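**Student:** Handing you a structure now.
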There are 2 protein chains.
Amino acid sequence: MTNSYSKATYRLYDDNADFNKKALGIAVGLTVGSWTELPEATKERMQQHLGQVVSVDVHEGANVASGERYANITIAYPDVNFSRDIPALLVTVFGKLSMDGKIKLIDLEPSTQFLSAFPGPKFGLQGVRNLLGVHDRPLVMSIFKSVIGHDLPTLREQFLQQALGGVDLIKDDEILFENPLTPLEKRVAACIDAAKEAERTTGQKLLYFTNLTGSTFQLKENAKRAIAAGANGLLFNVLAYGYDALAELAADPAINVPIAAHPSLAGALYPSMHHGISAPLLLGKLTRIAGADLSLFPSPYGSVVMPKEENLAVMEALLTPSLPQASAFPVPSAGIHPGLVPLIMRDFGPDVVVNAGGGVHGHPGGAAAGGRAFRQAVDAIRSGASLEQYSQTHHELQQAIELWGIRTS
Amino acid sequence: MTNSYSKATYRLYDDNADFNKKALGIAVGLTVGSWTELPEATKERMQQHLGQVVSVDVHEGANVASGERYANITIAYPDVNFSRDIPALLVTVFGKLSMDGKIKLIDLEPSTQFLSAFPGPKFGLQGVRNLLGVHDRPLVMSIFKSVIGHDLPTLREQFLQQALGGVDLIKDDEILFENPLTPLEKRVAACIDAAKEAERTTGQKLLYFTNLTGSTFQLKENAKRAIAAGANGLLFNVLAYGYDALAELAADPAINVPIAAHPSLAGALYPSMHHGISAPLLLGKLTRIAGADLSLFPSPYGSVVMPKEENLAVMEALLTPSLPQASAFPVPSAGIHPGLVPLIMRDFGPDVVVNAGGGVHGHPGGAAAGGRAFRQAVDAIRSGASLEQYSQTHHELQQAIELWGIRTS
């Protein structure tokens with residue numbers, strides 16, 4: 001077996017450090033532990049386990065905007081050192097190191113060998129399009145307005161109203177857990193029944209992503225219960241359970257519905273400049289490798305913001321053909337209303353899910369009108385019309401624009 | 001059922017925000033979604049699901065050292081809103097909110113009702129003492145010098161040398177995964193055999209914490225395989241798998257050995273002032289509630305540092321009698337040598353594990369001498385002697401002090 005390496009890129013901040021020495025310390029310290037003092041015979045045997053410094057790129061002086069000296073350091077870790085699972089990869093490259101000063105994990109380039117262990121998204125972007133029979137436009141997703149404390153008939157009615165507007169996807173709120181009012185199987189049955197009712201009106205298919213919760217070792221069983229009750233999608237708080245749980249759910253042939261990964265808790269990890277894990281890795285690459293068919297992340301437009309550059313890097317990680325795993329749908333979320341659709345489609349292109357909660361439910365005509373306004377906004381841009389033009393003949397869009405306006409940048 | 005609430009305390013940084021309004025927004029937004037516009041009849045029904053603002057403590061002006069205006073905000077979340085597992089609690093209180101500006105989760109006070117679902121550490125501090133028959137002094141733990149690329153006889157010899165020094169606990173490196181050279185069951189068998197060999201010399205008991213790794217849904221089986229092979233302790237990278245995995249391992253009666261939680265990846269979460277989750281919550285309270293019998297965290301002395309105040313708060317969370325779960329052993333780690341033992345015992349008291357890698361293996365007389373030097377340092381302090389005095393009649397301690405010195409602050 002020839003040596004195969006998975007690479008990790010870090011950003012280290014330090015006013016005085018010898019970054020080359022630091023890089024060597026990481027490459028040795030996180031693999032064989034020590035090197036220079038080893039006997040030659042041992043070195044020969046240990047060579048295949050030794051980490052390698054790939055690059056050390058120092059930024060200092062007047063050209064660093066923040067004024068803080070830093071280096072981007074890439075280290076190659078021999079695959080032979082760790083097992084083919086994301087916990088092993090993360091613990092190897094950033095377990096102890098995460099606690100060692102101002103250091104952020106910027107990117108991972110797992111080897112072909114490592115990646116080959118991950119089937120990835122079971123449906124992926126194209127598979128989700130195939131399920132819906134929608135190939136030529138962004139999808140529209142709607143979120144329940146409120147879920148906690150509501151009974152089944154209320155939830156069903158909320159679902160129905162959203163579905164009647166012609167949205168493609170409806171997802172549970174990520175804070176809806178197993179509860180006596182709307183327990184998993186009854187909730188799925190009620191919502192799927194509402195989806196079928198709406199389908200008779202709209203003539204279009206709809207996926208319902210029910211929140212997969214509970215104890216870790218019951219997740220597979222809960223997923224299968226939801227599917228048996230009719231669920232055709234699952235929402236999953238991946239960071240609360242770890243990437244491996246997602247990877248194993250996605251790899252299970254019996255869990256034959258798309259999985260949408262929710263970014264819950266991600267804000268504890270990506271926003272700091274000096275610490276944590278970058279958003280494109282966290283919400284893009286790792287989420288896709290682990291097998292999410294859709295990945296939600298904070299949009300650059302709304303109430304919960306992420307800088308646009310970072311946002312587009314998340315998208316790039318979900319879509320890039322350079323990974324063997326199927327691409328996953330980017331779902332930029334929070335603060336989305338129909339007046340933002342031109343911007344979203346300009347920034348993300350056609351392969352995006354336009355995801356809204358308040359932008360659907362807050363519509364003056366109700367949730368069904370809200371859904372229609374989004375679909376109309378998408379149709380406007382696809383037809384080459386401006387929202388202003390299109391809204392003259394599309395009442396729901398007009399109402400939405402009156403309320404929220406149109407953002408052009 | 002009367003209402004029961006679990007509280008979360010955040011620190012929010014914002015130059016201009018109305019923190020009271022922000023607090024109300026969290027209390028409503030993360031529970032019932034909206035409130036003021038609800039009909040009175042609905043309010044009555046929803047009241048039990050509504051979050052409550054407990055306190056808003058604004059810090060601004062000249063008395064804020066960093067110059068950054070912030071507020072500590074405590075919100076009470078109705079337990080009825082989420083299930084009795086840590087993912088549900090974290091997703092509820094910090095899922096979406098983690099992405100909303102400069103905000104750090106400082107503390108959680110889960111309700112008695114919530115806590116009652118967690119049996120906690122199966123052994124705890126006293127239980128680990130009972131297993132070892134050591135009640136009157138800090139324990140000494142040793143870490144393998146290097147593990148990757150070594151075969152079974154080499155690992156066994158490393159283990160034996162450490163054990164012969166009289167350490168109480170030996171743990172795997174957290175980056176040792178399933179591998180052909182030292183697969184789990186063979187590794188356990190070899191190490192436990194070495195432990196027995198050492199026991200015939202030292203006359204004392206020893207626990208070996210083998211690294212529990214692999215895919216999430218195989219963790220229980222892997223733990224049971226290790227135990228069947230003789231393992232009397234498990235090391236677990238809890239943050240790579242999520243707290244719930246630990247909670248379920250700890251709650252399984254068949255996993256009847258102590259579990260040591262490793263802080264791997266914690267540095268991605270706790271060091272930032274503006275984002276993430278505080279170390280005392282992450283490595284103290286949650287780790288203990290989830291059932292770790294020992295919790296490793298960066299010491300304030302060594303190469304990987306944590307401010308001492310934060311360190312002692314981690315210890316406090318592991319030991320405080322205010323939680324129903326058994327207390328867990330604090331294991332301040334990294335950069336520990338025998339000359340630090342007086343400081344450790346002064347800062348942490350007797351209920352601490354003195355944990356060393358380089359400080360054992362780097363001893364001029366080898367790992368066995370290194371272990372003895374630590375035990376001698378502990379005995380010195382207990383007997384009221386200074387390390388200088390004691391080292392005059394204890395050669396291994398003398399050698400250690402010559403090499404590393406004594407730190408007095």
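If you're wondering about the labels, chains in the structure tokens are A, B, ... by order shown, residues count from 1 in each chain, ligands from 1 in order shown.
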Give me the residues within 8 Å of Ala247 in chain B as a VMD selection string, counting only C-alpha atoms and dropping any in the same chain fewer than 5 places off.
**Tutor:** chain B and resid 118 120 289 to 291
**Student:** With a distance cut-off of 10 Å and only C-alpha atoms, select the neighbouring residues of Glu185 in chain B, excluding the residue or stretch itself and same-chain residues fewer than 2 positions from it, and output the selection as a PyMOL selection string.
**Tutor:** chain B and resi 178+182-183+187-191+210+222+225-231
**Student:** Counting only C-alpha atoms, what is within 6 Å of range 327-337 of chain B, bar same-chain residues fewer than 6 positions away, as a ChimeraX atom specification?
**Tutor:** /B:124-125,293-299,302-303,315,318-319,352-353,355-356,359
**Student:** Got a sec to tell me which of range 81-301 of chain B DSSP assigns to strand (DSSP E), as a PyMOL selection string?
**Tutor:** chain B and resi 102-109+139-143+169-171+207-212+234-236+259-261+276-277+294-298
**Student:** DSSP on the backbone, then: every residue of range 155-396 of chain A marked helix (DSSP H, G or I), written as an MDAnalysis selection string.
**Tutor:** chainID A and resid 155:164 184:202 216:228 238:241 243:251 266:268 279:290 308:319 338:348 358:361 367:383 387:391 395:396
**Student:** Restricted to C-alpha atoms, what would the selected residues look like written as a CSV table (one decimal), in the first residue's frame?
**Tutor:**
chain,number,residue,atom,x,y,z
A,155,LEU,CA,-49.9,21.8,13.0
A,156,ARG,CA,-51.7,20.0,10.1
A,157,GLU,CA,-53.5,23.2,9.2
A,158,GLN,CA,-50.2,25.2,9.3
A,159,PHE,CA,-48.7,22.5,7.0
A,160,LEU,CA,-51.6,22.6,4.6
A,161,GLN,CA,-51.5,26.4,4.2
A,162,GLN,CA,-47.8,26.3,3.5
A,163,ALA,CA,-48.2,23.5,1.1
A,164,LEU,CA,-51.1,25.2,-0.8
A,184,LEU,CA,-43.3,11.7,15.7
A,185,GLU,CA,-45.5,9.2,13.9
A,186,LYS,CA,-48.7,11.1,14.3
A,187,ARG,CA,-47.1,14.3,13.2
A,188,VAL,CA,-45.7,12.6,10.1
A,189,ALA,CA,-49.1,11.0,9.3
A,190,ALA,CA,-50.9,14.4,9.7
A,191,CYS,CA,-48.4,16.3,7.7
A,192,ILE,CA,-48.2,13.8,4.9
A,193,ASP,CA,-51.9,13.7,4.7
A,194,ALA,CA,-52.0,17.5,4.4
A,195,ALA,CA,-49.3,17.3,1.7
A,196,LYS,CA,-51.5,14.9,-0.3
A,197,GLU,CA,-54.5,17.2,0.2
A,198,ALA,CA,-52.5,20.1,-1.1
A,199,GLU,CA,-51.1,18.0,-4.0
A,200,ARG,CA,-54.6,17.6,-5.3
A,201,THR,CA,-54.9,21.4,-5.6
A,202,THR,CA,-51.3,22.3,-6.6
A,216,THR,CA,-28.1,8.8,19.7
A,217,PHE,CA,-28.5,5.0,19.7
A,218,GLN,CA,-32.2,5.3,18.8
A,219,LEU,CA,-31.7,7.6,15.9
A,220,LYS,CA,-31.8,4.9,13.2
A,221,GLU,CA,-34.9,3.4,14.7
A,222,ASN,CA,-36.6,6.7,15.0
A,223,ALA,CA,-35.7,7.5,11.4
A,224,LYS,CA,-37.2,4.2,10.3
A,225,ARG,CA,-40.3,4.9,12.4
A,226,ALA,CA,-40.7,8.2,10.7
A,227,ILE,CA,-40.3,6.7,7.3
A,228,ALA,CA,-42.7,3.9,8.0
A,238,VAL,CA,-25.9,17.1,12.9
A,239,LEU,CA,-23.6,19.1,15.3
A,240,ALA,CA,-25.5,18.0,18.3
A,241,TYR,CA,-24.9,14.4,17.5
A,243,TYR,CA,-20.9,14.0,11.8
A,244,ASP,CA,-20.5,10.3,12.2
A,245,ALA,CA,-24.2,9.8,13.2
A,246,LEU,CA,-25.2,11.6,10.0
A,247,ALA,CA,-22.8,9.5,8.0
A,248,GLU,CA,-24.2,6.3,9.3
A,249,LEU,CA,-27.8,7.4,8.9
A,250,ALA,CA,-27.0,8.4,5.3
A,251,ALA,CA,-25.2,5.1,4.6
A,266,ALA,CA,-22.6,25.9,14.4
A,267,GLY,CA,-22.3,29.5,15.7
A,268,ALA,CA,-20.3,28.1,18.6
A,279,ALA,CA,-18.0,27.6,8.0
A,280,PRO,CA,-17.2,26.2,4.6
A,281,LEU,CA,-15.7,23.1,6.2
A,282,LEU,CA,-18.3,22.8,8.9
A,283,LEU,CA,-21.5,23.5,7.0
A,284,GLY,CA,-20.2,22.6,3.5
A,285,LYS,CA,-17.6,20.0,3.0
A,286,LEU,CA,-18.0,17.8,6.2
A,287,THR,CA,-21.8,18.0,6.0
A,288,ARG,CA,-21.7,16.8,2.4
A,289,ILE,CA,-19.1,14.1,2.9
A,290,ALA,CA,-21.2,12.8,5.9
A,308,LYS,CA,-21.1,36.8,1.8
A,309,GLU,CA,-17.7,35.5,0.9
A,310,GLU,CA,-17.9,32.8,3.6
A,311,ASN,CA,-21.5,32.1,2.4
A,312,LEU,CA,-20.4,31.5,-1.2
A,313,ALA,CA,-17.5,29.3,0.0
A,314,VAL,CA,-20.1,27.1,1.9
A,315,MET,CA,-22.0,26.8,-1.4
A,316,GLU,CA,-18.9,26.0,-3.3
A,317,ALA,CA,-18.0,23.2,-0.9
A,318,LEU,CA,-21.5,21.7,-1.3
A,319,LEU,CA,-21.5,21.9,-5.1
A,338,PRO,CA,-39.6,37.3,-1.8
A,339,GLY,CA,-37.8,40.6,-2.5
A,340,LEU,CA,-34.5,38.9,-1.9
A,341,VAL,CA,-35.0,36.2,-4.5
A,342,PRO,CA,-33.2,38.2,-7.3
A,343,LEU,CA,-30.2,38.5,-5.0
A,344,ILE,CA,-30.2,34.9,-4.0
A,345,MET,CA,-30.5,33.7,-7.6
A,346,ARG,CA,-27.7,36.1,-8.6
A,347,ASP,CA,-25.4,34.9,-5.8
A,348,PHE,CA,-26.2,31.2,-5.8
A,358,GLY,CA,-41.5,34.7,8.4
A,359,GLY,CA,-41.3,35.5,4.7
A,360,VAL,CA,-44.0,32.9,4.1
A,361,HIS,CA,-46.2,33.2,7.2
A,367,ALA,CA,-49.0,31.3,4.3
A,368,ALA,CA,-50.4,30.0,1.1
A,369,ALA,CA,-50.2,33.4,-0.5
A,370,GLY,CA,-46.7,33.7,1.0
A,371,GLY,CA,-45.6,30.5,-0.8
A,372,ARG,CA,-47.1,31.7,-4.0
A,373,ALA,CA,-45.2,35.0,-3.7
A,374,PHE,CA,-41.9,33.1,-3.5
A,375,ARG,CA,-42.8,30.9,-6.5
A,376,GLN,CA,-43.8,34.0,-8.4
A,377,ALA,CA,-40.5,35.7,-7.5
A,378,VAL,CA,-38.6,32.7,-8.8
A,379,ASP,CA,-40.6,32.6,-12.0
A,380,ALA,CA,-40.1,36.3,-12.6
A,381,ILE,CA,-36.3,36.1,-12.5
A,382,ARG,CA,-36.3,32.9,-14.7
A,383,SER,CA,-38.5,34.7,-17.2
A,387,LEU,CA,-39.9,41.7,-9.6
A,388,GLU,CA,-41.6,45.1,-10.2
A,389,GLN,CA,-42.7,44.1,-13.7
A,390,TYR,CA,-43.9,40.6,-12.7
A,391,SER,CA,-45.7,41.9,-9.6
A,395,HIS,CA,-51.0,39.9,-6.7
A,396,GLU,CA,-49.2,37.8,-4.0
**Student:** Tell me the residues of chain B close to chain A, meaning within 6 Å using only C-alpha atoms, as a short mmCIF file (atom, residue, chain, number, x, y, z; two decimals) with N, CA, C and O atoms, in the first residue's frame.
**Tutor:**
data_model
loop_
_atom_site.label_atom_id
_atom_site.label_comp_id
_atom_site.auth_asym_id
_atom_site.auth_seq_id
_atom_site.Cartn_x
_atom_site.Cartn_y
_atom_site.Cartn_z
N VAL B 32 -42.14 29.84 22.08
CA VAL B 32 -43.43 29.83 21.37
C VAL B 32 -43.38 30.56 20.02
O VAL B 32 -44.32 30.48 19.24
N GLY B 33 -42.29 31.28 19.76
CA GLY B 33 -42.14 31.93 18.46
C GLY B 33 -42.65 33.35 18.41
O GLY B 33 -41.97 34.26 17.97
N PHE B 82 -38.80 20.42 25.57
CA PHE B 82 -37.75 19.58 24.98
C PHE B 82 -37.62 18.26 25.73
O PHE B 82 -38.05 18.15 26.88
N PRO B 87 -28.61 16.81 23.53
CA PRO B 87 -28.82 17.47 22.23
C PRO B 87 -30.05 18.36 22.22
O PRO B 87 -30.00 19.49 21.72
N THR B 92 -32.13 23.61 21.83
CA THR B 92 -33.14 24.58 22.26
C THR B 92 -32.50 25.90 22.68
O THR B 92 -32.90 26.96 22.21
N GLY B 95 -29.06 26.54 19.75
CA GLY B 95 -28.99 26.03 18.38
C GLY B 95 -28.87 27.18 17.39
O GLY B 95 -27.79 27.47 16.87
N LYS B 96 -29.99 27.83 17.15
CA LYS B 96 -30.03 28.97 16.24
C LYS B 96 -29.31 30.17 16.87
O LYS B 96 -28.61 30.92 16.19
N SER B 98 -26.76 30.51 18.66
CA SER B 98 -25.29 30.53 18.57
C SER B 98 -24.82 31.33 17.37
O SER B 98 -23.70 31.85 17.35
N MET B 99 -25.67 31.45 16.35
CA MET B 99 -25.28 32.13 15.11
C MET B 99 -25.71 33.59 15.07
O MET B 99 -25.55 34.25 14.06
N ASP B 100 -26.25 34.07 16.18
CA ASP B 100 -26.87 35.39 16.19
C ASP B 100 -25.98 36.44 16.85
O ASP B 100 -26.26 36.92 17.94
N SER B 146 4.36 7.39 22.95
CA SER B 146 3.91 7.39 21.55
C SER B 146 3.29 6.04 21.28
O SER B 146 3.68 5.03 21.85
N ILE B 148 1.34 5.48 17.93
CA ILE B 148 1.13 5.22 16.51
C ILE B 148 2.34 4.54 15.91
O ILE B 148 3.48 4.97 16.13
N ILE B 175 -5.42 9.72 20.09
CA ILE B 175 -5.36 9.56 18.63
C ILE B 175 -5.00 8.11 18.24
O ILE B 175 -4.58 7.86 17.12
N PHE B 177 -6.40 4.85 17.16
CA PHE B 177 -7.65 4.28 16.65
C PHE B 177 -7.45 2.80 16.33
O PHE B 177 -6.36 2.26 16.48
N THR B 216 -20.27 5.60 15.51
CA THR B 216 -21.14 5.93 16.63
C THR B 216 -21.99 4.74 17.07
O THR B 216 -22.05 4.40 18.25
N ALA B 240 -16.35 14.66 19.91
CA ALA B 240 -16.40 14.16 18.53
C ALA B 240 -17.68 13.36 18.28
O ALA B 240 -18.09 13.19 17.13
N TYR B 241 -18.30 12.88 19.36
CA TYR B 241 -19.50 12.04 19.22
C TYR B 241 -20.75 12.68 19.84
O TYR B 241 -21.85 12.19 19.65
N GLY B 242 -20.56 13.73 20.59
CA GLY B 242 -21.71 14.36 21.25
C GLY B 242 -21.91 13.83 22.67
O GLY B 242 -21.57 12.68 22.97
N ALA B 245 -23.99 10.47 23.36
CA ALA B 245 -23.32 9.17 23.25
C ALA B 245 -22.68 8.80 24.58
O ALA B 245 -22.82 7.67 25.07
N SER B 264 -10.62 16.59 23.59
CA SER B 264 -10.36 16.73 22.16
C SER B 264 -11.42 17.59 21.47
O SER B 264 -12.61 17.39 21.67
N LEU B 265 -10.98 18.57 20.68
CA LEU B 265 -11.82 19.50 19.92
C LEU B 265 -12.43 20.62 20.77
O LEU B 265 -13.05 21.54 20.23
N GLY B 267 -11.08 23.03 22.17
CA GLY B 267 -10.50 24.33 21.84
C GLY B 267 -11.20 25.02 20.69
O GLY B 267 -11.01 26.22 20.48
N ALA B 268 -12.00 24.28 19.95
CA ALA B 268 -12.80 24.92 18.90
C ALA B 268 -14.00 25.63 19.50
O ALA B 268 -14.66 26.43 18.83
N LEU B 269 -14.28 25.37 20.77
CA LEU B 269 -15.52 25.87 21.38
C LEU B 269 -15.34 26.86 22.52
O LEU B 269 -16.15 27.78 22.66
N HIS B 275 -17.69 33.98 21.29
CA HIS B 275 -18.46 32.87 20.70
C HIS B 275 -18.20 31.58 21.46
O HIS B 275 -17.21 31.47 22.18
N GLY B 276 -19.07 30.63 21.24
CA GLY B 276 -18.81 29.29 21.76
C GLY B 276 -19.48 29.01 23.08
O GLY B 276 -20.51 29.61 23.44
N VAL B 304 -0.24 23.72 26.93
CA VAL B 304 -1.57 24.06 26.40
C VAL B 304 -2.33 24.68 27.55
O VAL B 304 -2.83 23.99 28.43
#
**Student:** Between B:Val128, B:Asp136, B:Arg69, B:Ala385, single out the one closest to Gly233 in chain B, counting only C-alpha atoms.
**Tutor:** B:Val128
